[in-house]
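Undergrad: First, the structure itself, so that you have it in front of you.
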Amino acid sequence: MAVKVLVPTPLQKYTNNQATIECTGGNVSQLIDELEKNFPGIKDRLCDEEGKPRRFLNFYVNSEDIRFLQGTETTLADGDEVSIVPAVAGG
Amino acid sequence: MTQATQTKTSTFTPTFTSLVSKEGGKEYPLKAMNICEETFAPLEVAYDYDAIRSRVSRESIQAGPNSIWRYRAFLPVASENPIDVGTGMTPLVKSHRLARRLGLKNLYIKNDAVNMPTLSFKDRVVSVALTRAKELGFSTVSCASTGNLANSTAAIAAYAGLDCCVFIPADLEAGKILGTLIYNPTVMAVKGNYDQVNRLCSEVGNTYGWGFVNINLRPYYSEGSKTLGFEVAEQLGWKLPDHIVAPLASGSLFTKIYKGFQEFVKVGLVQDKNVRFSGAQAEGCSPIATAFKEGRDFVTPVKPNTIAKSIAIGNPADGIYALEVARKTGGNIESVNDAEIVDGIKLLAETEGIFTETAGGTTIAVLQKLVAAGKIDPEETTVVYITGNGLKTQEAVQGYIGEPLIIEPKLDSFERALERSRTLERLEWQQVLV
């Protein structure tokens, strides 16, 4: 089951400069673990010490902020698109 | 062909030294970037305050120019000739009639509804951002806007000869869209709310090599809001107020007014004092006010639904910092509903002759609410920040204000109409009394 992940510029050094990668995972949390397997070190950037997504990062599944869904428990299906976007912008 | 104006070689020694992460303090060079690569926290411009202290005095500031650039030692630009379109030094009006209505003795209105050139506080941040954009070599500038920022970016880009592409939510007020299009930028009206616009811009941000004023130029851009603090301190006779009330959208303006006051204290221009910071949000988009009331130190995003579109940011970038400022200064963050916002716009217009937009209506309504709740001391020197102009959001008050009396060009037609209007006025009075 493949999910498309959009990676922001500051994290692309972990993904061999790829802005888009394919990954797997039944939910967002599993996806993050899977990303770590493929790109060691990336989980520390995505999550804080408690393992929760960093507060200055927003995660979207098919354009919806996961905080309006089930957070990191939000389930993923084949073909879903997950965007990771830095939160500090605008205003 | 030679250029009409040549950029002069800079002889001005900049006072800004680096970009510093607000979480962890990691330093970065003075490039076009807005987030810490490790924590994704916002980057903040750092200055050499000793250098500023040795360079500025009340007299040097008062010597001008009559714009935000009188405070240039506190702003992150290096060019000798920053973009000066007369932005800033807007009136600080001592309120009499609104103050009396509210029962306040020392109320002031900082009126950025008449800021130049596009009638909102955004001209301050954009003047700084576009000056910096030119220094960093950008030829195209862009922004994610709720309207005012698009007006300002397009206008000042036109003045500066920069290409411009702005992104706005498609459902903005007509005045804000027209007030952008007139400068002939490319306008992307996104079918979605501001947070979606913002996200889209964050995604395209690094791809096209553009200077996004509130994304990759955000650390420089946001510093422009400090001038709202500087001016108030100078206009009060080099004193800080006791309490300020300002609108909260991303929370940036609020935290930068605070930073402005702190910097004036740091370099010895004003005496230190605890200024209380109170923030205003619209109930239909009040993530920061909700977090404040619930005692949380994190802000849960919301989906905006309010007439106050200019401050309808459901996922505010500086929300946590605004919370922090309100709490540590003993201020409050309150929200008001759309009807109260309209009443706030009308109240300011009828008592002070200032026509503000929905953000200003929100701020006045929150001021009123805080007074009613006893959260503003009548003796305090309170400054309320009006950041935008009502002519841009006419839809908000349509149907809630009077109509002209249509008459024939004849004396008796006028007299009949006048009599009628006086009767209506009396009826209104009677209704109030009942």
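Residues are named by chain letter and number: chains run A, B, ... in the order of the structure tokens, numbers start at 1 in each chain, and ligands are numbered from 1 in the order shown.
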Provide as a PyMOL selection string the residues of chain A at most 10 Å from chain B, counting only C-alpha atoms.
TA: chain A and resi 6-11+44-48+54-58+60+63-65+67-68+83-91
Undergrad: Write to file, as a short mmCIF file (atom, residue, chain, number, x, y, z; two decimals), in the first residue's frame, the residues of the selection just made, with C-alpha atoms.
TA:
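The result, written out as result.cif:
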data_model
loop_
_atom_site.label_atom_id
_atom_site.label_comp_id
_atom_site.auth_asym_id
_atom_site.auth_seq_id
_atom_site.Cartn_x
_atom_site.Cartn_y
_atom_site.Cartn_z
CA LEU A 6 5.41 15.67 0.32
CA VAL A 7 8.61 16.61 2.11
CA PRO A 8 9.41 20.27 2.99
CA THR A 9 12.75 21.73 1.90
CA PRO A 10 14.50 21.62 5.32
CA LEU A 11 13.88 17.85 5.50
CA ASP A 44 13.77 13.08 15.30
CA ARG A 45 13.07 16.04 13.07
CA LEU A 46 9.37 15.24 12.67
CA CYS A 47 8.66 14.44 16.31
CA ASP A 48 9.60 15.92 19.67
CA ARG A 54 6.58 18.88 16.49
CA ARG A 55 4.39 21.86 17.25
CA PHE A 56 5.82 23.89 14.39
CA LEU A 57 5.00 21.24 11.80
CA ASN A 58 1.60 20.60 10.28
CA TYR A 60 -2.11 16.98 6.25
CA SER A 63 -5.22 18.38 2.31
CA GLU A 64 -6.91 18.06 5.71
CA ASP A 65 -4.95 18.97 8.87
CA ARG A 67 -5.76 17.71 14.01
CA PHE A 68 -9.21 17.91 12.38
CA SER A 83 1.94 16.68 3.27
CA ILE A 84 4.36 17.81 5.91
CA VAL A 85 4.38 21.61 6.02
CA PRO A 86 6.20 23.96 8.39
CA ALA A 87 3.61 25.86 10.41
CA VAL A 88 5.40 29.17 10.75
CA ALA A 89 4.14 31.25 7.88
CA GLY A 90 1.67 33.96 7.15
CA GLY A 91 -0.07 36.65 9.13
#
Undergrad: Would you kindly return, as a list in words, each protein, DNA or RNA residue with an atom no farther than 10 Å from any atom of A:Thr15, considering only C-alpha atoms and excluding same-chain residues fewer than 3 positions away?
TA: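 In the requested form, the answer reads Val7, Thr9, Leu11, Gln12, Gln18, Ala19, Thr20, Ile21, Leu35, Asn38, Phe39, Pro40 and Ile42 of chain A.
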Undergrad: Show which residues sit within 12 Å of A:Leu31, as an mmCIF file with C-alpha atoms, in the first residue's frame. Count only C-alpha atoms, and ignore same-chain residues fewer than 5 positions away.
TA:
data_model
loop_
_atom_site.group_PDB
_atom_site.id
_atom_site.type_symbol
_atom_site.label_atom_id
_atom_site.label_comp_id
_atom_site.auth_asym_id
_atom_site.auth_seq_id
_atom_site.Cartn_x
_atom_site.Cartn_y
_atom_site.Cartn_z
ATOM 1 C CA MET A 1 0.000 0.000 0.000
ATOM 2 C CA ALA A 2 1.683 3.191 -1.154
ATOM 3 C CA VAL A 3 1.194 6.677 0.204
ATOM 4 C CA LYS A 4 2.666 9.781 -1.375
ATOM 5 C CA VAL A 5 4.550 12.018 1.061
ATOM 6 C CA ILE A 21 8.542 10.108 -1.744
ATOM 7 C CA GLU A 22 6.486 6.945 -1.691
ATOM 8 C CA CYS A 23 6.037 5.202 1.622
ATOM 9 C CA THR A 24 3.686 2.858 3.480
ATOM 10 C CA GLY A 25 1.798 2.827 6.777
ATOM 11 C CA GLY A 26 -1.703 2.076 8.031
ATOM 12 C CA GLU A 36 12.551 6.496 9.760
ATOM 13 C CA LYS A 37 13.420 3.031 8.447
ATOM 14 C CA ASN A 38 14.019 4.397 4.956
ATOM 15 C CA PHE A 39 15.548 7.715 5.959
ATOM 16 C CA ILE A 42 14.032 11.922 9.967
ATOM 17 C CA LYS A 43 11.779 10.928 12.882
ATOM 18 C CA LEU A 46 9.373 15.235 12.671
ATOM 19 C CA PHE A 59 0.624 17.224 8.861
ATOM 20 C CA VAL A 61 -3.785 13.887 4.855
ATOM 21 C CA THR A 72 -1.421 10.554 14.277
ATOM 22 C CA GLU A 73 -4.028 7.770 14.426
ATOM 23 C CA THR A 74 -5.554 9.026 11.176
ATOM 24 C CA THR A 75 -5.760 5.998 8.895
ATOM 25 C CA LEU A 76 -4.148 5.986 5.490
ATOM 26 C CA ALA A 77 -5.306 4.252 2.348
ATOM 27 C CA ASP A 80 -3.440 8.989 -0.062
ATOM 28 C CA GLU A 81 -1.260 12.047 -0.037
ATOM 29 C CA VAL A 82 0.451 13.165 3.172
ATOM 30 C CA SER A 83 1.943 16.680 3.267
ATOM 31 C CA ILE A 84 4.361 17.811 5.912
#
Undergrad: Please, what distance in Å, to one decimal, runs between atom CA of B:Asp343 and atom CA of B:Leu418?
TA: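 Atom CA of B:Leu418 lies at a distance of 25.7 Å from atom CA of B:Asp343.
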Undergrad: Taking the backbone alone, and naming residues the way the document does, which bits of stretch 255-286 of chain B are alpha helix (DSSP H) by DSSP, as an MDAnalysis selection string?
TA: chainID B and resid 255:266
Undergrad: Check stretch 93-310 of chain B with DSSP on the backbone and list each residue it calls strand (DSSP E), as a PyMOL selection string.
TA: chain B and resi 93-94+106-111+140-144+163-169+186-190+211-212+243-247+276-282
